[in-house]
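Engineer: Have a peek at data37.txt (compact mmCIF, C-alpha atoms).
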# COMPACT_ATOMS: atom_id res chain seq x y z
CA MET A 832 20.98 59.78 -19.25
CA SER A 833 20.55 56.62 -17.26
CA GLY A 834 18.25 53.90 -18.45
CA SER A 835 15.16 52.67 -16.63
CA PRO A 836 15.82 50.10 -13.92
CA ALA A 837 15.48 46.55 -15.11
CA THR A 838 12.30 44.77 -14.17
CA PRO A 839 13.15 41.82 -11.94
CA HIS A 840 12.14 38.46 -13.35
CA ALA A 841 10.24 36.04 -11.17
CA THR A 842 12.11 32.85 -10.43
CA PRO A 843 10.28 30.01 -12.14
CA GLN A 844 8.88 27.49 -9.70
CA ALA A 845 10.04 23.94 -10.21
CA ALA A 846 7.28 21.50 -11.00
CA PRO A 847 6.56 19.11 -8.14
CA PRO A 848 8.17 15.71 -8.61
CA VAL A 849 5.87 13.01 -9.93
CA ARG A 850 5.60 9.84 -7.88
CA ARG A 851 4.75 6.87 -10.06
CA SER A 852 3.33 3.48 -9.21
CA ALA A 853 5.14 0.47 -10.64
CA LEU A 854 1.74 -0.32 -12.19
CA GLU A 855 1.08 3.12 -13.68
CA THR A 856 0.70 1.88 -17.26
CA GLU A 857 -1.66 -0.90 -16.20
CA HIS A 858 -3.82 1.48 -14.17
CA ALA A 859 -3.90 3.94 -17.08
CA ARG A 860 -5.05 1.15 -19.41
CA LEU A 861 -7.88 0.39 -16.99
CA GLY A 862 -9.00 4.04 -16.94
CA ALA A 863 -7.70 5.08 -13.52
CA ARG A 864 -8.35 8.50 -12.10
CA TRP A 865 -5.16 9.50 -10.31
CA VAL A 866 -4.84 10.56 -6.70
CA ALA A 867 -3.34 13.79 -8.13
CA ALA A 868 -1.57 14.89 -11.30
CA GLU A 869 1.78 14.33 -9.60
CA VAL A 870 0.66 11.17 -7.76
CA ARG A 871 0.16 8.35 -10.26
CA TRP A 872 -1.73 5.89 -8.09
CA PRO A 873 -5.40 5.21 -8.77
CA ALA A 874 -8.05 6.88 -6.65
CA ASP A 875 -10.64 4.85 -8.56
CA TYR A 876 -11.46 3.67 -12.08
CA GLY A 877 -14.34 6.03 -12.75
CA ASP A 878 -17.22 4.53 -10.74
CA PRO A 879 -16.44 4.30 -7.01
CA ALA A 880 -19.95 3.13 -6.11
CA ALA A 881 -19.84 0.23 -8.58
CA GLU A 882 -16.34 -0.68 -7.40
CA ALA A 883 -17.47 -0.81 -3.76
CA ASP A 884 -20.47 -2.91 -4.77
CA ALA A 885 -18.25 -5.35 -6.70
CA ALA A 886 -15.88 -5.72 -3.74
CA GLY A 887 -18.84 -6.24 -1.41
CA ARG A 888 -20.24 -9.04 -3.59
CA ALA A 889 -16.99 -10.78 -4.59
CA VAL A 890 -13.37 -9.52 -4.46
CA GLY A 891 -11.77 -6.14 -5.05
CA LEU A 892 -8.11 -5.80 -6.07
CA ALA A 893 -6.45 -2.46 -5.40
CA GLU A 894 -3.03 -0.90 -5.18
CA LEU A 895 -2.48 1.36 -2.18
CA GLY A 896 -0.27 4.39 -2.45
CA PRO A 897 1.76 6.37 -2.42
CA LEU A 898 3.16 4.85 0.75
CA ASP A 899 6.51 5.25 2.44
CA THR A 900 8.09 2.23 4.13
CA LEU A 901 10.79 2.22 6.79
CA ALA A 902 12.41 -0.98 8.04
CA VAL A 903 13.30 -0.68 11.74
CA ARG A 904 15.76 -3.34 12.89
CA GLY A 905 17.38 -4.10 16.22
CA PRO A 906 16.57 -5.51 19.68
CA ALA A 907 14.37 -2.50 20.47
CA ALA A 908 12.62 -2.40 17.09
CA GLU A 909 9.11 -3.24 18.24
CA ALA A 910 9.15 -0.84 21.19
CA ALA A 911 10.68 1.94 19.11
CA ALA A 912 8.18 1.44 16.28
CA GLY A 913 5.28 1.56 18.73
CA ALA A 914 6.50 4.97 19.83
CA ALA A 915 6.03 6.24 16.27
CA GLY A 916 2.26 6.01 16.78
CA LEU A 917 1.28 4.76 13.33
CA ASP A 918 -1.34 2.28 14.60
CA ALA A 919 -2.21 -0.06 11.71
CA GLY A 920 0.91 1.10 9.86
CA VAL A 921 3.18 -0.91 12.18
CA TRP A 922 3.92 -4.36 10.75
CA VAL A 923 5.80 -6.52 13.28
CA LEU A 924 7.75 -9.15 11.34
CA GLY A 925 9.69 -10.42 14.32
CA PRO A 926 11.12 -9.33 17.70
CA ASP A 927 13.87 -7.37 16.00
CA GLU A 928 12.28 -6.26 12.71
CA VAL A 929 9.32 -3.96 12.10
CA LEU A 930 8.04 -2.19 9.01
CA LEU A 931 6.50 1.26 9.32
CA ILE A 932 4.14 1.86 6.38
CA TYR A 933 2.42 5.22 6.10
CA ARG A 934 1.03 7.80 3.74
CA PRO A 935 3.56 10.65 3.49
CA ALA A 936 0.70 13.14 3.20
CA ASP A 937 -0.60 12.03 6.62
CA VAL A 938 2.61 11.54 8.61
CA ALA A 939 5.71 13.70 8.71
CA ARG A 940 8.95 11.76 8.33
CA ARG A 941 10.53 14.08 10.88
CA ALA A 942 8.01 12.99 13.53
CA ILE A 943 8.94 9.36 12.95
CA GLU A 944 12.65 10.13 13.08
CA GLN A 945 12.17 11.98 16.36
CA ALA A 946 10.22 9.05 17.81
CA LEU A 947 13.04 6.67 16.87
CA ALA A 948 15.88 8.96 17.92
CA GLY A 949 18.06 7.45 20.59
CA ALA A 950 16.64 3.95 20.20
CA ASP A 951 19.01 1.05 19.62
CA VAL A 952 17.78 0.43 16.08
CA SER A 953 18.77 0.91 12.47
CA VAL A 954 16.31 2.52 10.07
CA ILE A 955 16.34 1.77 6.33
CA ASP A 956 14.12 3.50 3.78
CA MET A 957 12.41 0.74 1.78
CA SER A 958 9.84 2.96 0.04
CA SER A 959 11.08 2.17 -3.46
CA ALA A 960 11.38 -1.56 -2.77
CA TRP A 961 7.75 -2.53 -2.16
CA THR A 962 4.38 -2.31 -3.87
CA VAL A 963 1.34 -2.66 -1.60
CA LEU A 964 -1.63 -4.53 -3.09
CA ARG A 965 -4.95 -5.17 -1.40
CA LEU A 966 -7.53 -7.94 -1.80
CA ALA A 967 -10.81 -7.69 0.06
CA GLY A 968 -14.34 -8.99 -0.10
CA PRO A 969 -16.26 -12.14 0.81
CA GLY A 970 -14.44 -14.13 -1.89
CA ALA A 971 -10.92 -13.08 -0.87
CA PRO A 972 -10.10 -16.13 1.32
CA ALA A 973 -11.15 -18.61 -1.39
CA LEU A 974 -9.08 -16.74 -3.99
CA LEU A 975 -6.03 -16.64 -1.73
CA ALA A 976 -6.35 -20.39 -1.13
CA GLU A 977 -5.69 -20.79 -4.86
CA LEU A 978 -2.93 -18.19 -5.00
CA SER A 979 -0.80 -19.30 -2.05
CA PRO A 980 0.05 -22.38 0.03
CA MET A 981 0.17 -20.18 3.13
CA PRO A 982 -2.63 -20.64 5.70
CA LEU A 983 -4.51 -17.39 5.10
CA GLY A 984 -8.12 -18.40 5.69
CA PRO A 985 -10.33 -16.63 8.27
CA ASP A 986 -9.75 -19.42 10.80
CA GLU A 987 -6.00 -19.59 10.10
CA LEU A 988 -4.81 -15.96 10.05
CA ALA A 989 -6.35 -13.62 12.60
CA ASP A 990 -7.28 -10.05 11.76
CA GLY A 991 -4.08 -8.00 12.16
CA ALA A 992 -1.77 -11.03 11.89
CA ILE A 993 1.07 -11.31 9.36
CA ALA A 994 2.30 -14.21 7.23
CA GLN A 995 5.41 -14.35 5.03
CA GLY A 996 5.80 -16.69 2.09
CA PRO A 997 4.96 -17.34 -1.56
CA LEU A 998 1.87 -15.96 -3.26
CA VAL A 999 1.52 -16.44 -7.04
CA ASN A 1000 5.06 -17.86 -6.84
CA VAL A 1001 6.70 -14.66 -5.58
CA ARG A 1002 7.82 -13.74 -2.06
CA THR A 1003 5.26 -11.66 -0.23
CA ILE A 1004 4.37 -10.35 3.20
CA VAL A 1005 0.63 -10.58 3.84
CA ARG A 1006 -1.29 -8.86 6.60
CA ARG A 1007 -4.90 -9.71 7.25
CA HIS A 1008 -6.66 -6.41 7.68
CA ASP A 1009 -10.40 -6.88 7.32
CA ALA A 1010 -12.49 -4.38 5.38
CA ALA A 1011 -16.06 -3.16 5.66
CA VAL A 1012 -16.82 -5.43 2.67
CA GLY A 1013 -15.42 -8.57 4.33
CA PRO A 1014 -12.07 -10.28 4.87
CA GLY A 1015 -9.21 -8.09 3.67
CA TYR A 1016 -5.52 -8.65 3.02
CA SER A 1017 -2.76 -6.12 2.39
CA ILE A 1018 0.06 -7.69 0.38
CA LEU A 1019 3.63 -6.43 0.11
CA VAL A 1020 5.34 -7.55 -3.08
CA ALA A 1021 8.71 -6.46 -4.46
CA ARG A 1022 8.30 -3.57 -6.88
CA GLU A 1023 9.93 -5.54 -9.70
CA ASP A 1024 7.34 -8.32 -9.20
CA ALA A 1025 4.35 -5.99 -9.08
CA HIS A 1026 3.26 -6.39 -12.73
CA TYR A 1027 3.47 -10.15 -12.58
CA ALA A 1028 1.61 -10.34 -9.25
CA TRP A 1029 -1.16 -7.97 -10.40
CA HIS A 1030 -1.75 -9.90 -13.62
CA ALA A 1031 -1.60 -13.27 -11.88
CA MET A 1032 -4.15 -12.18 -9.27
CA SER A 1033 -6.38 -10.73 -11.98
CA GLU A 1034 -6.25 -13.76 -14.26
CA LEU A 1035 -6.47 -16.43 -11.57
CA GLY A 1036 -9.18 -14.40 -9.88
CA GLU A 1037 -11.52 -14.37 -12.87
CA GLY A 1038 -13.42 -17.34 -11.48
CA HIS A 1039 -13.91 -15.38 -8.25
CA ALA A 1040 -15.17 -12.25 -10.06
CA VAL A 1041 -12.18 -10.20 -8.93
CA ARG A 1042 -12.31 -6.57 -10.07
CA PRO A 1043 -9.76 -3.73 -9.98
CA VAL A 1044 -11.05 -1.09 -7.57
CA GLY A 1045 -9.93 2.10 -5.90
CA PRO A 1046 -8.54 1.85 -2.36
CA ALA A 1047 -11.73 3.26 -0.80
CA ALA A 1048 -13.67 0.20 -2.01
CA VAL A 1049 -11.54 -2.16 0.09
CA ALA A 1050 -10.79 0.03 3.10
CA ARG A 1051 -11.59 -0.82 6.69
CA ALA A 1052 -12.81 2.67 7.46
CA PRO A 1053 -12.32 6.23 6.16
CA GLY A 1054 -8.65 7.14 6.45
CA ASP A 1055 -7.69 3.47 6.71
CA ARG A 1056 -3.99 2.59 6.79
CA PRO A 1057 -2.47 -0.56 5.27
Let me see whether you can do it: turn the structure in this file into structure tokens.
Structural biologist:
Amino acid sequence: MSGSPATPHATPQAAPPVRRSALETEHARLGARWVAAEVRWPADYGDPAAEADAAGRAVGLAELGPLDTLAVRGPAAEAAAGAAGLDAGVWVLGPDEVLLIYRPADVARRAIEQALAGADVSVIDMSSAWTVLRLAGPGAPALLAELSPMPLGPDELADGAIAQGPLVNVRTIVRRHDAAVGPGYSILVAREDAHYAWHAMSELGEGHAVRPVGPAAVARAPGDRP
């Protein structure tokens, strides 16, 4: 007598990989609510309205993410990057070097690769190399004047312009990108310097009433890109 057929077992689904900010422990200490369980970047710190109000009155400090970053290099870099259609996510560092910074949930990597296909450029994934911080609010220019010797004031760096140099004694790339709450600056800092930069901005910013906020509090508009 033959036995009953074995019941097939369902293949267990692998848990989605967790993407973690370099500042995850600091955000957790501050009471962050995550973008998602598997996306450990802060959506806010529990009171989005109060965070937006604080940024509108003084300065908000946020970390943006998760973001993917591609370095496009070569004589045709700027033209090729423009074809990718990322709007504010195209950071032109020079005639032969451009950074593409985008939210992976919003933009398919394949679409970018297709846009760059055939161009005389090299493409390097720099996603794990950078942390993107954001300062915005009416007090942001005065705070940055204390944090950096670079000319970053409203009359020195135009909206959309980029400066490269030291900020809190670490190398940064700064893009002025004004927010609804006032002057805004997106700041690329090496991932290994992220903790130091965050704490330095927080401590030196105490006199400017800087406050950690969620990205929405310092955005230019809904769906804003860095």
Engineer: Could you please determine the separation between CA of Gly862 (chain A) and CA of Tyr876 (chain A) in Å, to one decimal place?
Structural biologist: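 For CA of Gly862 (chain A) relative to CA of Tyr876 (chain A), the distance reads 5.5 Å.
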Engineer: Report as JSON lines the residues of region 849-955 of chain A within 8 Å of region 1014-1037 of chain A, each with its shortest atom pair and distance in Å (one decimal), using all atoms listed in the file, ordered by chain and increasing residue number.
Structural biologist:
{"residue": "A:Ala853", "atom": "CA", "partner": "A:Arg1022", "partner_atom": "CA", "distance": 6.4}
{"residue": "A:Leu854", "atom": "CA", "partner": "A:His1026", "partner_atom": "CA", "distance": 6.3}
{"residue": "A:Leu892", "atom": "CA", "partner": "A:Ser1033", "partner_atom": "CA", "distance": 7.9}
Engineer: Show me, as CSV, the residues of region 900-983 of chain A having an atom within 9 Å of region 1042-1050 of chain A, each with the closest atom pair and its distance in Å, using all atoms listed in the file.
Structural biologist:
residue,atom,partner,partner_atom,distance
A:Arg965,CA,A:Val1049,CA,7.4
A:Leu966,CA,A:Val1049,CA,7.3
A:Ala967,CA,A:Val1049,CA,5.6
A:Gly968,CA,A:Val1049,CA,7.4
Engineer: Residues of region 949-1026 of chain A within 10 Å of region 908-930 of chain A: nearest atom pair and distance (Å, one decimal) for each, counting only C-alpha atoms, sorted by chain and number, as CSV?
Structural biologist:
residue,atom,partner,partner_atom,distance
A:Gly949,CA,A:Ala911,CA,9.3
A:Ala950,CA,A:Ala911,CA,6.4
A:Asp951,CA,A:Ala908,CA,7.7
A:Val952,CA,A:Ala908,CA,6.0
A:Ser953,CA,A:Ala908,CA,8.4
A:Val954,CA,A:Ala908,CA,9.3
A:Ile955,CA,A:Leu930,CA,9.6
A:Asp956,CA,A:Leu930,CA,9.8
A:Met957,CA,A:Leu930,CA,8.9
A:Gly991,CA,A:Ala919,CA,8.2
A:Ala992,CA,A:Trp922,CA,8.8
A:Ile993,CA,A:Leu924,CA,7.3
A:Ala994,CA,A:Leu924,CA,8.5
A:Gln995,CA,A:Leu924,CA,8.5
A:Ile1004,CA,A:Leu924,CA,8.9
A:Val1005,CA,A:Trp922,CA,9.9
A:Arg1006,CA,A:Trp922,CA,8.0
A:His1008,CA,A:Ala919,CA,8.7
Engineer: Quick one: pull the distance between CA of Val999 (chain A) and CA of Leu983 (chain A), Å, one decimal.
Structural biologist: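 Result for CA of Val999 (chain A) versus CA of Leu983 (chain A): 13.6 Å, one decimal.
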Engineer: For a test of reading the model, state the distance in Å between CA of Pro982 (chain A) and CA of Arg1007 (chain A), rounded to one decimal.
Structural biologist: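 So the two atoms, CA of Pro982 (chain A) and CA of Arg1007 (chain A), lie 11.3 Å apart.
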Engineer: Given only C-alpha atoms as the basis, pick out the residue of A:Ala1010, A:Val849, A:Ala1040, A:Ile932 nearest to Thr900 (chain A).
Structural biologist: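 When distances to Thr900 (chain A) are compared using only C-alpha atoms, the smallest one comes from A:Ile932.
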Engineer: Taking all atoms listed in the file into account, which of A:Pro879, A:Ala976, A:Pro897, A:Ala859 comes nearest Val963 (chain A)?
Structural biologist: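 Looking only at the distances to Val963 (chain A), the closest residue turns out to be A:Pro897.
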Engineer: Compile the contact shell of Val866 (chain A) as a short mmCIF file (atom, residue, chain, number, x, y, z; two decimals) with C-alpha atoms, in the coordinates of the input: residues with an atom at most 10 Å away, counting all atoms listed in the file, same-chain residues fewer than 6 positions apart removed.
Structural biologist:
data_model
loop_
_atom_site.label_atom_id
_atom_site.label_comp_id
_atom_site.auth_asym_id
_atom_site.auth_seq_id
_atom_site.Cartn_x
_atom_site.Cartn_y
_atom_site.Cartn_z
CA TRP A 872 -1.73 5.89 -8.09
CA PRO A 873 -5.40 5.21 -8.77
CA ALA A 874 -8.05 6.88 -6.65
CA ASP A 875 -10.64 4.85 -8.56
CA GLY A 896 -0.27 4.39 -2.45
CA PRO A 897 1.76 6.37 -2.42
CA GLY A 1045 -9.93 2.10 -5.90
#
Engineer: Find the residues near Glu869 (chain A): any atom within 8 Å, counting only C-alpha atoms, skip ones fewer than 4 places away on the same chain, and give them as JSON, numbers by chain.
Structural biologist: {"A": [847, 848, 849, 850]}
Engineer: Would you place a box with edges along x, y and z of the file around all atoms of region 958-965 of chain A listed there, add 8 Å to each of its six sides, and report the centre and edge lengths in Å to one decimal, as lines of an AutoDock Vina configuration file?
Structural biologist:
center_x = 3.2
center_y = -1.1
center_z = -1.9
size_x = 32.3
size_y = 24.1
size_z = 19.9
Engineer: What would region 979-1001 of chain A look like with N, CA and C atoms restored, written as a CSV table (one decimal), in the frame of the given file?
Structural biologist:
chain,number,residue,atom,x,y,z
A,979,SER,N,-1.9,-19.1,-3.0
A,979,SER,CA,-0.8,-19.3,-2.0
A,979,SER,C,-1.0,-20.6,-1.2
A,980,PRO,N,0.1,-21.3,-0.9
A,980,PRO,CA,0.0,-22.4,0.0
A,980,PRO,C,0.0,-21.9,1.5
A,981,MET,N,0.2,-20.7,1.8
A,981,MET,CA,0.2,-20.2,3.1
A,981,MET,C,-1.2,-20.3,3.7
A,982,PRO,N,-1.3,-20.6,5.0
A,982,PRO,CA,-2.6,-20.6,5.7
A,982,PRO,C,-3.2,-19.2,5.9
A,983,LEU,N,-4.0,-18.8,5.0
A,983,LEU,CA,-4.5,-17.4,5.1
A,983,LEU,C,-6.0,-17.3,5.3
A,984,GLY,N,-6.7,-18.4,5.5
A,984,GLY,CA,-8.1,-18.4,5.7
A,984,GLY,C,-8.5,-17.7,7.0
A,985,PRO,N,-9.8,-17.4,7.1
A,985,PRO,CA,-10.3,-16.6,8.3
A,985,PRO,C,-10.1,-17.3,9.6
A,986,ASP,N,-10.0,-18.7,9.6
A,986,ASP,CA,-9.8,-19.4,10.8
A,986,ASP,C,-8.3,-19.7,11.0
A,987,GLU,N,-7.4,-19.3,10.0
A,987,GLU,CA,-6.0,-19.6,10.1
A,987,GLU,C,-5.1,-18.4,10.4
A,988,LEU,N,-5.6,-17.2,9.9
A,988,LEU,CA,-4.8,-16.0,10.0
A,988,LEU,C,-5.7,-14.9,10.7
A,989,ALA,N,-5.5,-14.6,11.9
A,989,ALA,CA,-6.4,-13.6,12.6
A,989,ALA,C,-6.3,-12.2,12.0
A,990,ASP,N,-7.3,-11.4,12.2
A,990,ASP,CA,-7.3,-10.0,11.8
A,990,ASP,C,-6.1,-9.3,12.4
A,991,GLY,N,-5.3,-8.7,11.6
A,991,GLY,CA,-4.1,-8.0,12.2
A,991,GLY,C,-2.8,-8.8,12.1
A,992,ALA,N,-2.9,-10.2,11.9
A,992,ALA,CA,-1.8,-11.0,11.9
A,992,ALA,C,-1.1,-11.0,10.5
A,993,ILE,N,0.2,-11.4,10.5
A,993,ILE,CA,1.1,-11.3,9.4
A,993,ILE,C,1.6,-12.7,9.0
A,994,ALA,N,1.7,-13.0,7.7
A,994,ALA,CA,2.3,-14.2,7.2
A,994,ALA,C,3.3,-13.8,6.1
A,995,GLN,N,4.4,-14.6,6.1
A,995,GLN,CA,5.4,-14.4,5.0
A,995,GLN,C,5.6,-15.6,4.2
A,996,GLY,N,5.6,-15.5,2.9
A,996,GLY,CA,5.8,-16.7,2.1
A,996,GLY,C,5.4,-16.4,0.7
A,997,PRO,N,5.3,-17.5,-0.1
A,997,PRO,CA,5.0,-17.3,-1.6
A,997,PRO,C,3.5,-17.1,-1.8
A,998,LEU,N,3.2,-16.2,-2.7
A,998,LEU,CA,1.9,-16.0,-3.3
A,998,LEU,C,2.0,-15.7,-4.7
A,999,VAL,N,1.3,-16.4,-5.6
A,999,VAL,CA,1.5,-16.4,-7.0
A,999,VAL,C,3.0,-16.6,-7.4
A,1000,ASN,N,3.7,-17.5,-6.6
A,1000,ASN,CA,5.1,-17.9,-6.8
A,1000,ASN,C,6.1,-16.7,-6.6
A,1001,VAL,N,5.7,-15.7,-5.9
A,1001,VAL,CA,6.7,-14.7,-5.6
A,1001,VAL,C,6.7,-14.5,-4.1
